[in-house]
Structures are given as C-alpha cells and as structure tokens.
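What follows is start21.cif (mmCIF, C-alpha atoms).
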```cif
data_work
#
loop_
_atom_site.label_atom_id
_atom_site.label_comp_id
_atom_site.auth_asym_id
_atom_site.auth_seq_id
_atom_site.Cartn_x
_atom_site.Cartn_y
_atom_site.Cartn_z
CA MET A 38 12.27 -11.45 -2.79
CA ASN A 39 14.76 -13.35 -0.63
CA LEU A 40 14.83 -10.43 1.80
CA ILE A 41 11.11 -10.89 2.45
CA MET A 42 11.56 -14.62 2.98
CA TYR A 43 14.32 -13.97 5.52
CA ALA A 44 12.09 -11.49 7.34
CA ILE A 45 9.14 -13.88 7.79
CA PRO A 46 10.42 -15.44 11.07
CA GLY A 47 10.79 -11.93 12.47
CA PHE A 48 7.24 -11.10 11.38
CA VAL A 49 5.92 -14.16 13.20
CA LEU A 50 7.81 -13.40 16.40
CA LEU A 51 6.63 -9.78 16.46
CA ILE A 52 3.02 -10.81 15.87
CA LEU A 53 3.25 -13.26 18.78
CA LEU A 54 4.77 -10.52 20.95
CA GLU A 55 1.97 -8.12 20.03
CA ILE A 56 -0.64 -10.78 20.87
CA ILE A 57 0.95 -11.31 24.28
CA ILE A 58 1.19 -7.57 25.06
CA THR A 59 -2.37 -6.77 23.98
CA THR A 60 -3.75 -9.81 25.80
CA ILE A 61 -2.06 -8.75 29.03
CA ASP A 62 -3.46 -5.23 28.55
CA HIS A 63 -6.94 -6.63 27.74
CA ARG A 64 -7.01 -4.54 24.56
CA ASN A 65 -8.74 -7.20 22.44
CA LEU A 66 -7.08 -6.10 19.20
CA TYR A 67 -6.91 -9.53 17.58
CA GLU A 68 -9.79 -11.38 15.94
CA PRO A 69 -8.50 -14.90 15.08
CA LYS A 70 -10.47 -15.22 11.82
CA ASP A 71 -9.40 -11.76 10.70
CA ALA A 72 -5.74 -12.44 11.49
CA LEU A 73 -5.84 -15.79 9.70
CA SER A 74 -7.36 -14.21 6.60
CA SER A 75 -4.60 -11.56 6.62
CA ILE A 76 -1.95 -14.26 6.90
CA ALA A 77 -3.60 -16.18 4.04
CA MET A 78 -3.48 -13.04 1.89
CA GLY A 79 0.20 -12.61 2.72
CA LEU A 80 1.03 -16.21 1.83
CA GLY A 81 -0.87 -15.86 -1.45
CA ASN A 82 1.08 -12.70 -2.24
CA VAL A 83 4.39 -14.49 -1.64
CA PHE A 84 3.34 -17.46 -3.77
CA ILE A 85 2.23 -15.31 -6.72
CA GLY A 86 5.40 -13.26 -6.35
CA LEU A 87 7.48 -16.37 -7.03
CA PHE A 88 6.23 -16.13 -10.62
CA THR A 89 5.67 -12.42 -11.19
CA LYS A 90 8.89 -11.09 -9.65
CA GLY A 91 10.99 -12.91 -12.24
CA VAL A 92 9.00 -11.32 -15.07
CA ILE A 93 9.28 -7.88 -13.49
CA PHE A 94 13.00 -8.34 -12.98
CA GLY A 95 13.31 -9.24 -16.67
CA ILE A 96 11.41 -6.11 -17.71
CA TYR A 97 13.64 -3.96 -15.50
CA LEU A 98 16.74 -5.61 -16.97
CA PHE A 99 15.49 -4.88 -20.48
CA VAL A 100 14.93 -1.20 -19.64
CA TYR A 101 18.32 -1.08 -17.87
CA GLU A 102 20.01 -1.93 -21.16
CA TYR A 103 18.90 1.51 -22.39
CA ARG A 104 19.89 3.36 -19.20
CA LEU A 105 20.94 6.98 -19.34
CA PHE A 106 23.65 6.56 -16.69
CA THR A 107 25.47 3.73 -14.94
CA LEU A 108 25.23 4.39 -11.22
CA GLY A 109 26.74 1.12 -10.03
CA PHE A 110 26.48 -0.20 -6.48
CA THR A 111 28.33 2.60 -4.69
CA TRP A 112 27.12 3.79 -1.28
CA TRP A 113 25.80 7.05 -2.67
CA ALA A 114 23.89 5.19 -5.39
CA TRP A 115 22.15 3.19 -2.64
CA VAL A 116 21.27 6.44 -0.84
CA LEU A 117 19.81 7.87 -4.04
CA CYS A 118 18.00 4.59 -4.63
CA PHE A 119 16.42 4.82 -1.18
CA PHE A 120 14.91 8.24 -1.94
CA ALA A 121 13.98 7.31 -5.53
CA ASP A 122 12.19 4.17 -4.36
CA ASP A 123 10.30 5.98 -1.62
CA PHE A 124 9.30 8.74 -4.04
CA SER A 125 8.04 6.11 -6.48
CA TYR A 126 6.18 4.31 -3.71
CA TYR A 127 4.44 7.52 -2.68
CA TRP A 128 3.02 8.09 -6.17
CA PHE A 129 2.13 4.43 -6.61
CA HIS A 130 0.36 4.46 -3.25
CA ARG A 131 -1.40 7.75 -3.87
CA SER A 132 -2.53 6.53 -7.31
CA SER A 133 -3.82 3.35 -5.70
CA HIS A 134 -6.28 5.51 -3.77
CA THR A 135 -7.27 7.81 -6.64
CA VAL A 136 -7.47 5.42 -9.62
CA ARG A 137 -10.02 2.65 -9.21
CA PHE A 138 -8.10 0.19 -11.42
CA PHE A 139 -5.19 0.30 -8.97
CA TRP A 140 -7.51 0.55 -5.95
CA ALA A 141 -9.00 -2.83 -6.89
CA SER A 142 -5.69 -4.42 -5.89
CA HIS A 143 -4.84 -2.11 -3.01
CA VAL A 144 -8.25 -2.21 -1.31
CA ILE A 145 -7.29 -5.66 0.03
CA HIS A 146 -4.83 -4.03 2.41
CA HIS A 147 -7.55 -1.76 3.82
CA SER A 148 -10.27 -4.38 4.14
CA SER A 149 -9.55 -5.38 7.75
CA GLN A 150 -11.39 -3.58 10.53
CA LYS A 151 -8.51 -4.43 12.85
CA TYR A 152 -5.13 -2.71 12.95
CA THR A 153 -2.41 -5.10 14.06
CA LEU A 154 0.89 -6.43 12.78
CA ALA A 155 -1.08 -9.24 11.15
CA THR A 156 -2.89 -6.59 9.08
CA ALA A 157 0.45 -5.71 7.48
CA LEU A 158 0.45 -9.17 5.88
CA ARG A 159 -2.89 -8.53 4.14
CA GLN A 160 -1.37 -7.97 0.72
CA THR A 161 -2.72 -7.96 -2.82
CA TRP A 162 -2.73 -10.97 -5.13
CA THR A 163 -3.22 -8.91 -8.29
CA GLY A 164 -0.94 -5.87 -7.91
CA ASN A 165 1.99 -7.17 -9.94
CA LEU A 166 -0.39 -8.56 -12.56
CA THR A 167 -1.97 -5.14 -13.14
CA GLY A 168 1.26 -3.23 -13.73
CA THR A 169 1.92 -1.45 -10.45
CA PHE A 170 5.63 -2.16 -11.01
CA LEU A 171 5.53 0.45 -13.79
CA PHE A 172 5.75 3.22 -11.19
CA TRP A 173 9.38 2.14 -10.66
CA LEU A 174 10.24 1.71 -14.35
CA TRP A 175 12.02 5.06 -14.52
CA MET A 176 14.62 3.90 -12.01
CA PRO A 177 16.42 1.32 -14.19
CA LEU A 178 16.10 3.78 -17.08
CA ILE A 179 17.97 6.39 -15.04
CA GLY A 180 20.65 3.86 -14.15
CA PHE A 181 19.69 2.02 -10.97
CA HIS A 182 20.44 -1.67 -11.38
CA PRO A 183 17.29 -3.84 -11.17
CA VAL A 184 18.79 -5.71 -8.20
CA MET A 185 18.93 -2.41 -6.33
CA VAL A 186 15.38 -1.51 -7.30
CA LEU A 187 13.86 -4.82 -6.16
CA SER A 188 16.02 -4.89 -3.02
CA MET A 189 14.88 -1.42 -2.00
CA GLN A 190 11.25 -2.36 -2.65
CA ALA A 191 11.69 -5.32 -0.30
CA ILE A 192 13.37 -3.15 2.35
CA SER A 193 10.46 -0.70 2.15
CA LEU A 194 7.93 -3.51 2.59
CA ILE A 195 9.83 -4.87 5.59
CA TYR A 196 10.00 -1.40 7.14
CA GLN A 197 6.26 -0.91 6.75
CA PHE A 198 5.48 -4.07 8.72
CA TRP A 199 6.20 -2.58 12.16
CA ILE A 200 4.08 0.55 11.64
CA HIS A 201 0.88 -1.54 11.60
CA THR A 202 0.35 -1.47 15.36
CA GLU A 203 -1.52 0.37 18.08
CA VAL A 204 0.98 -0.71 20.72
CA ILE A 205 3.36 2.13 19.79
CA ASN A 206 2.07 5.64 20.37
CA LYS A 207 3.71 8.75 18.93
CA LEU A 208 7.49 8.79 18.67
CA PRO A 209 9.84 11.78 19.25
CA ARG A 210 8.95 14.76 17.02
CA PRO A 211 12.01 14.62 14.71
CA ILE A 212 11.18 10.99 13.87
CA GLU A 213 7.50 11.80 13.36
CA PHE A 214 8.44 14.71 11.09
CA ILE A 215 10.61 12.68 8.70
CA PHE A 216 9.60 9.03 8.87
CA ASN A 217 6.38 7.10 8.43
CA THR A 218 5.38 5.89 11.87
CA PRO A 219 2.56 3.87 13.46
CA SER A 220 0.75 7.12 14.25
CA HIS A 221 0.92 8.34 10.64
CA HIS A 222 -0.07 4.99 9.19
CA ARG A 223 -2.99 4.52 11.57
CA VAL A 224 -4.41 7.65 9.94
CA HIS A 225 -3.93 6.07 6.52
CA HIS A 226 -5.97 3.02 7.53
CA GLY A 227 -8.79 5.09 9.00
CA SER A 228 -12.20 5.21 7.33
CA ASP A 229 -12.98 8.53 9.04
CA LEU A 230 -13.70 11.28 6.51
CA ASP A 231 -10.76 13.41 7.70
CA TYR A 232 -8.42 10.44 7.34
CA LEU A 233 -9.45 9.13 3.91
CA ASP A 234 -6.65 9.07 1.31
CA ARG A 235 -4.02 10.63 3.58
CA ASN A 236 -0.44 9.73 4.56
CA HIS A 237 0.64 7.67 1.54
CA GLY A 238 4.34 7.52 2.44
CA GLY A 239 6.34 4.31 2.56
CA MET A 240 9.36 4.80 4.80
CA LEU A 241 9.27 8.60 4.74
CA ILE A 242 6.41 11.00 5.46
CA ILE A 243 8.13 13.97 3.80
CA TRP A 244 6.39 13.42 0.44
CA ASP A 245 2.98 13.78 2.08
CA ARG A 246 4.11 16.99 3.71
CA LEU A 247 5.46 18.30 0.40
CA PHE A 248 2.47 17.33 -1.75
CA GLY A 249 -0.34 18.20 0.65
CA THR A 250 -1.60 14.75 1.66
CA PHE A 251 -0.42 14.73 5.29
CA THR A 252 -2.82 14.58 8.23
CA PRO A 253 -1.68 14.05 11.83
CA GLU A 254 -3.39 11.56 14.11
CA LYS A 255 -5.98 13.44 16.16
CA GLN A 256 -8.23 10.64 17.42
CA ARG A 257 -8.20 6.86 17.20
CA PRO A 258 -9.27 5.92 13.68
CA VAL A 259 -12.17 3.70 12.73
CA TYR A 260 -10.40 1.08 10.66
CA GLY A 261 -11.62 -0.56 7.49
CA LEU A 262 -13.47 0.67 4.42
CA THR A 263 -16.26 3.21 4.12
CA LYS A 264 -18.34 0.18 3.10
CA ASN A 265 -16.91 -2.95 4.70
CA ILE A 266 -17.12 -6.33 2.97
CA HIS A 267 -17.72 -8.48 6.09
CA THR A 268 -15.92 -11.64 4.98
CA TYR A 269 -12.90 -13.67 6.03
CA ASN A 270 -12.76 -15.58 2.73
CA PRO A 271 -9.35 -14.81 1.14
CA PHE A 272 -10.67 -15.28 -2.40
CA ARG A 273 -13.53 -12.91 -1.75
CA ILE A 274 -11.16 -10.39 -0.17
CA ALA A 275 -8.82 -10.63 -3.17
CA THR A 276 -11.47 -10.23 -5.86
CA HIS A 277 -14.45 -8.28 -4.48
CA GLU A 278 -13.55 -4.93 -6.04
CA TRP A 279 -12.67 -6.50 -9.39
CA LEU A 280 -16.12 -8.09 -9.43
CA ASP A 281 -17.72 -4.75 -8.58
CA ILE A 282 -15.81 -3.08 -11.41
CA TRP A 283 -16.99 -5.76 -13.83
CA ARG A 284 -20.60 -5.19 -12.77
CA ASP A 285 -20.22 -1.43 -13.25
CA LEU A 286 -18.63 -1.84 -16.68
CA ARG A 287 -21.51 -4.06 -17.76
CA ARG A 288 -24.07 -1.40 -16.80
CA ALA A 289 -22.09 1.49 -18.35
CA ARG A 290 -24.16 3.19 -21.04
CA THR A 291 -21.26 4.85 -22.86
CA LEU A 292 -17.52 4.42 -23.30
CA ARG A 293 -17.06 7.58 -21.26
CA GLU A 294 -18.90 6.04 -18.33
CA ALA A 295 -16.85 2.84 -18.64
CA TRP A 296 -13.67 4.92 -18.63
CA HIS A 297 -14.71 6.71 -15.44
CA TYR A 298 -15.76 3.47 -13.73
CA LEU A 299 -12.32 2.02 -14.41
CA LEU A 300 -9.93 4.96 -14.09
CA ASP A 301 -11.68 7.62 -12.04
CA ALA A 302 -11.49 7.71 -8.25
CA PRO A 303 -13.11 4.92 -6.23
CA GLY A 304 -16.74 5.82 -5.58
CA TRP A 305 -17.35 7.57 -8.90
CA SER A 306 -20.84 7.14 -10.30
CA PRO A 307 -22.60 8.89 -13.19
CA ASP A 308 -25.64 9.84 -11.11
CA GLY A 309 -23.96 10.69 -7.81
CA SER A 310 -25.47 7.67 -6.04
CA ARG A 311 -21.95 6.88 -4.84
CA GLN A 312 -19.30 9.43 -4.02
CA THR A 313 -15.54 9.82 -4.21
CA THR A 314 -13.52 11.10 -1.27
CA LYS A 315 -13.46 14.62 -2.76
CA GLN A 316 -17.23 14.57 -3.18
CA LEU A 317 -17.71 13.34 0.38
CA ARG A 318 -15.60 16.26 1.58
CA GLY A 319 -17.59 18.65 -0.57
CA ARG A 320 -14.73 19.79 -2.76
#
```
Translate the structure described by the file into structure tokens.
Amino acid sequence: MNLIMYAIPGFVLLILLEIIITTIDHRNLYEPKDALSSIAMGLGNVFIGLFTKGVIFGIYLFVYEYRLFTLGFTWWAWVLCFFADDFSYYWFHRSSHTVRFFWASHVIHHSSQKYTLATALRQTWTGNLTGTFLFWLWMPLIGFHPVMVLSMQAISLIYQFWIHTEVINKLPRPIEFIFNTPSHHRVHHGSDLDYLDRNHGGMLIIWDRLFGTFTPEKQRPVYGLTKNIHTYNPFRIATHEWLDIWRDLRRARTLREAWHYLLDAPGWSPDGSRQTTKQLRGR
C-alpha cells in the first residue's frame, strides 16, 4: 500500500502534464466534473484500503503458514512473482467482466465516458470487500511471501496508470506484442461491440493472446458502458450496479434465476430483454 502512496505525487504531475498537452492540442479530453469524480473514487479506494489491506495481508499470512515451498526473496522468486501476479490479475480481470457479482465492483472503472489518466484513478470501493483478493490466494500457498504478493499487486496498479491515455499512440511492435499498452487498454475501455470484454491483461498482453481475448485497436473506441449511468456522484457510481442486482434478485421467480442474476455474465435476463456480450455478438 505504501508504494501506491509514494506514487500519488507522480500521478498528479502526469495528469497535469496530460491536461496541458491536450489543452494545447485542443483535444478537449478532460471534463472537470468527470475527472473530479474519478479522483474521488480513487481517494475512496485508498481510504477503504487502509482497513481492508491489513485483513487481506493477515489472510495471506495465514495461508502462507501452510505453504508448499519457501521461495524467499531471491531475484528469481521476484521474477516468478511478477508472472504469477500478472497471470492472477488476468483471470481476476476476465472474471470481473464475465461474473456479474465481480462486475458490480469493476464496472466503476468503466463508467467514465472519457479516457484520460484521471480515469485510471476511478477505482472500486467494494472490490476487496467482495473477495477479489481470493484470485491471488494460491500465491502464498505456493510459497510467495505475502509482502511480495501485495507489493507486486501495487506495482501492477502503478504500471496500469500510464496506459489510460490517448496522448500515446501505438508503441514499437515488440512492446505492443508483449506488454499492455495504451492502445491495448483503450480497446478494453471501449463500449463498441468488437471491443467488449477484450484485452484483460495487467502489465502483459500475452495472456490475452494465449487465451483468445486479444483484439487490436482498429478505430478510436467509444468509451463508457453499453448503458451509461450519466452521473458524477461518487456514491452513485460506487453502488449503482449493486442496487440493480438487488432489484433483479427481488424480482427473481426461482433460485435458479437468482443464481443467474448474481453469477452469470452481466446482461443476463431470463426473457432475453437484456443481453450478455456473447448474446450481443450472436454466439
């Protein structure tokens, strides 16, 4: 968590630099109310993390006591930790788009119709509370010390800040092939049908290439949700999908319907009045 705190001044400076560059270019990428709501979401995430990170660290320490191996803090253990963390992030991120329970927390990050460095700060308030940390639970069990696990998570989050920009176009092909870049992540934030639920990588894009979820940037995306919420209220942004889930659960006629409302893909409905990404694509 300290790594994130140390990075905040850098975040602020880069946001100011992006504002200056885009203002000079007359690109009109920043909407003050939108940026302020993103910053408010980021501050809320940091505040809640002051309480939840300690609990998560304790859970990881408990699991670490039953570890299969002791990897220590050697250089090669850090290299392995880098790939293990990014692999875990990929499946967490992919699940956050295919399981509505996790989407309810992650949708916050996609709720802005702008794509700027400020958008990177639009983070969930409920993610840690709903068990997303469980995607990394195998790492302390294998033998990665919890300090390494949390440190690598923070490094990944810091890395992903700079890719939330339209100022940087495509980078050299070897970089684009291996790493997550602004071009790849712009696709991920697009609400265009071809771009929905694609490019889930954290620092690397190789997992998307391996598991069939990669799509290159072909045209400028339309950012936001397929159904935008049109609010700058941080509390509304943080809770809107949870409230929608609650309404759906109340109208569910069977336990099976309730199960699908909660754990099926976002957009599932028993009568087809709403559609998931797969249904929208016709497959």
Next item on the list: Pick out the closest residue to Ile52 (chain A) from this set: A:Trp173, A:Phe138, A:Tyr101, A:Phe198. Count all atoms listed in the file.
Entry: A:Phe198
Note to self: Can you tell me which residues surround Pro253 (chain A) at a distance of at most 8 Å, considering all atoms listed in the file, apart from same-chain residues fewer than 5 positions away, and format the answer as a list in words?
What the structure shows: Ser220, His221 and Val224 of chain A
Checklist line | Residues within 12 Å of region 72-88 of chain A, only C-alpha atoms, excluding chain neighbours under 2 positions, as a PyMOL selection string | finding: chain A and resi 38-42+45+48-49+52-53+56+66-70+90-95+142+145-166+187+191+194+198+267-276
Notebook entry, point to check: Mind pulling up the distance from CA of Trp283 (chain A) to CA of Arg131 (chain A)?
Noted result: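 Answer for the CA of Arg131 (chain A) to CA of Trp283 (chain A) separation: 22.9 Å.
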Notebook entry, point to check: Using all atoms listed in the file, which of A:Leu317, A:Val136, A:Val204, A:Leu174 sits nearest Asp301 (chain A)?
Noted result: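 Of the candidates, the smallest distance to Asp301 (chain A) is held by A:Val136.
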Next item on the list: Would you work out the distance separating CA of Asp231 (chain A) from CA of Ile205 (chain A), expressed in Å to one decimal?
Entry: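 Result for CA of Asp231 (chain A) versus CA of Ile205 (chain A): 21.7 Å, one decimal.
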Check: Expanded to explicit residues, what is the PyMOL selection byres ((chain A and resi 251) around 10) for this file, as JSON, numbers by chain?
Finding: {"A": [221, 224, 225, 232, 234, 235, 236, 237, 238, 242, 243, 244, 245, 246, 247, 248, 249, 250, 252, 253, 254]}
Check: Taking only C-alpha atoms into account, which of A:Arg288, A:Asp122, A:Lys264, A:Pro258 comes nearest Pro177 (chain A)?
Finding: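 Using only C-alpha atoms, the shortest distance to Pro177 (chain A) belongs to A:Asp122.
Once the PyMOL selection byres ((chain A and resi 228) around 7) is applied to the depicted file, the selected set reads His226, Gly227, Asp229, Leu230, Tyr232, Leu233, Val259, Tyr260, Gly261, Leu262 and Thr263 of chain A.
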Next item on the list: Just give me the gap between CA of Gln316 (chain A) and CA of Tyr126 (chain A) in Å, one decimal is fine.
Entry: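 Between these atoms lies a distance of 25.6 Å.
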Next item on the list: To verify the selection step, state as a PyMOL selection string which residues the PyMOL selection byres ((chain A and resi 176) around 12) yields on this input.
Entry: chain A and resi 96-98+100-101+103-108+114+117-126+170-175+177-187+189-190
C-alpha atoms of the current selection, written as a PDB file, in the coordinates of the input:
```pdb
ATOM      1  CA  ILE A  96      11.410  -6.110 -17.710  1.00  0.00           C
ATOM      2  CA  TYR A  97      13.640  -3.960 -15.500  1.00  0.00           C
ATOM      3  CA  LEU A  98      16.740  -5.610 -16.970  1.00  0.00           C
ATOM      4  CA  VAL A 100      14.930  -1.200 -19.640  1.00  0.00           C
ATOM      5  CA  TYR A 101      18.320  -1.080 -17.870  1.00  0.00           C
ATOM      6  CA  TYR A 103      18.900   1.510 -22.390  1.00  0.00           C
ATOM      7  CA  ARG A 104      19.890   3.360 -19.200  1.00  0.00           C
ATOM      8  CA  LEU A 105      20.940   6.980 -19.340  1.00  0.00           C
ATOM      9  CA  PHE A 106      23.650   6.560 -16.690  1.00  0.00           C
ATOM     10  CA  THR A 107      25.470   3.730 -14.940  1.00  0.00           C
ATOM     11  CA  LEU A 108      25.230   4.390 -11.220  1.00  0.00           C
ATOM     12  CA  ALA A 114      23.890   5.190  -5.390  1.00  0.00           C
ATOM     13  CA  LEU A 117      19.810   7.870  -4.040  1.00  0.00           C
ATOM     14  CA  CYS A 118      18.000   4.590  -4.630  1.00  0.00           C
ATOM     15  CA  PHE A 119      16.420   4.820  -1.180  1.00  0.00           C
ATOM     16  CA  PHE A 120      14.910   8.240  -1.940  1.00  0.00           C
ATOM     17  CA  ALA A 121      13.980   7.310  -5.530  1.00  0.00           C
ATOM     18  CA  ASP A 122      12.190   4.170  -4.360  1.00  0.00           C
ATOM     19  CA  ASP A 123      10.300   5.980  -1.620  1.00  0.00           C
ATOM     20  CA  PHE A 124       9.300   8.740  -4.040  1.00  0.00           C
ATOM     21  CA  SER A 125       8.040   6.110  -6.480  1.00  0.00           C
ATOM     22  CA  TYR A 126       6.180   4.310  -3.710  1.00  0.00           C
ATOM     23  CA  PHE A 170       5.630  -2.160 -11.010  1.00  0.00           C
ATOM     24  CA  LEU A 171       5.530   0.450 -13.790  1.00  0.00           C
ATOM     25  CA  PHE A 172       5.750   3.220 -11.190  1.00  0.00           C
ATOM     26  CA  TRP A 173       9.380   2.140 -10.660  1.00  0.00           C
ATOM     27  CA  LEU A 174      10.240   1.710 -14.350  1.00  0.00           C
ATOM     28  CA  TRP A 175      12.020   5.060 -14.520  1.00  0.00           C
ATOM     29  CA  PRO A 177      16.420   1.320 -14.190  1.00  0.00           C
ATOM     30  CA  LEU A 178      16.100   3.780 -17.080  1.00  0.00           C
ATOM     31  CA  ILE A 179      17.970   6.390 -15.040  1.00  0.00           C
ATOM     32  CA  GLY A 180      20.650   3.860 -14.150  1.00  0.00           C
ATOM     33  CA  PHE A 181      19.690   2.020 -10.970  1.00  0.00           C
ATOM     34  CA  HIS A 182      20.440  -1.670 -11.380  1.00  0.00           C
ATOM     35  CA  PRO A 183      17.290  -3.840 -11.170  1.00  0.00           C
ATOM     36  CA  VAL A 184      18.790  -5.710  -8.200  1.00  0.00           C
ATOM     37  CA  MET A 185      18.930  -2.410  -6.330  1.00  0.00           C
ATOM     38  CA  VAL A 186      15.380  -1.510  -7.300  1.00  0.00           C
ATOM     39  CA  LEU A 187      13.860  -4.820  -6.160  1.00  0.00           C
ATOM     40  CA  MET A 189      14.880  -1.420  -2.000  1.00  0.00           C
ATOM     41  CA  GLN A 190      11.250  -2.360  -2.650  1.00  0.00           C
TER      42      GLN A 190
END
```
Note to self: Measuring between only C-alpha atoms, which one of A:Gln256, A:Asn217, A:Trp305, A:Gly239 shows the shortest distance to Phe129 (chain A)?
What the structure shows: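 Of A:Gln256, A:Asn217, A:Trp305, A:Gly239, the one nearest Phe129 (chain A), counting only C-alpha atoms, is A:Gly239.
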Given 8 Å of margin on each side, can you work out the centre and size in Å (one decimal) of an axis-aligned box holding every listed atom of region 154-169 of chain A, as JSON?
```
{"center_x": -0.6, "center_y": -6.2, "center_z": -0.5, "size_x": 21.2, "size_y": 25.5, "size_z": 42.5}
```
Please, could N, CA and C atoms be added to region 269-281 of chain A and the result written as an mmCIF file, keeping the file's coordinate frame?
```cif
data_model
loop_
_atom_site.group_PDB
_atom_site.id
_atom_site.type_symbol
_atom_site.label_atom_id
_atom_site.label_comp_id
_atom_site.auth_asym_id
_atom_site.auth_seq_id
_atom_site.Cartn_x
_atom_site.Cartn_y
_atom_site.Cartn_z
ATOM 1 N N TYR A 269 -14.256 -13.213 5.720
ATOM 2 C CA TYR A 269 -12.900 -13.670 6.030
ATOM 3 C C TYR A 269 -12.379 -14.584 4.926
ATOM 4 N N ASN A 270 -13.139 -14.718 3.845
ATOM 5 C CA ASN A 270 -12.760 -15.580 2.730
ATOM 6 C C ASN A 270 -11.662 -14.902 1.912
ATOM 7 N N PRO A 271 -10.442 -15.455 1.869
ATOM 8 C CA PRO A 271 -9.350 -14.810 1.140
ATOM 9 C C PRO A 271 -9.655 -14.549 -0.333
ATOM 10 N N PHE A 272 -10.353 -15.457 -0.982
ATOM 11 C CA PHE A 272 -10.670 -15.280 -2.400
ATOM 12 C C PHE A 272 -11.660 -14.141 -2.607
ATOM 13 N N ARG A 273 -12.589 -14.021 -1.686
ATOM 14 C CA ARG A 273 -13.530 -12.910 -1.750
ATOM 15 C C ARG A 273 -12.821 -11.584 -1.473
ATOM 16 N N ILE A 274 -11.922 -11.593 -0.487
ATOM 17 C CA ILE A 274 -11.160 -10.390 -0.170
ATOM 18 C C ILE A 274 -10.329 -9.949 -1.372
ATOM 19 N N ALA A 275 -9.724 -10.924 -2.055
ATOM 20 C CA ALA A 275 -8.820 -10.630 -3.170
ATOM 21 C C ALA A 275 -9.543 -10.125 -4.415
ATOM 22 N N THR A 276 -10.806 -10.480 -4.578
ATOM 23 C CA THR A 276 -11.470 -10.230 -5.860
ATOM 24 C C THR A 276 -12.694 -9.335 -5.778
ATOM 25 N N HIS A 277 -13.142 -8.947 -4.587
ATOM 26 C CA HIS A 277 -14.450 -8.280 -4.480
ATOM 27 C C HIS A 277 -14.536 -6.999 -5.297
ATOM 28 N N GLU A 278 -13.476 -6.190 -5.300
ATOM 29 C CA GLU A 278 -13.550 -4.930 -6.040
ATOM 30 C C GLU A 278 -13.464 -5.151 -7.545
ATOM 31 N N TRP A 279 -12.714 -6.172 -7.964
ATOM 32 C CA TRP A 279 -12.670 -6.500 -9.390
ATOM 33 C C TRP A 279 -14.047 -6.917 -9.878
ATOM 34 N N LEU A 280 -14.767 -7.673 -9.063
ATOM 35 C CA LEU A 280 -16.120 -8.090 -9.430
ATOM 36 C C LEU A 280 -17.053 -6.890 -9.494
ATOM 37 N N ASP A 281 -16.891 -5.958 -8.562
ATOM 38 C CA ASP A 281 -17.720 -4.750 -8.580
ATOM 39 C C ASP A 281 -17.428 -3.908 -9.820
#
```
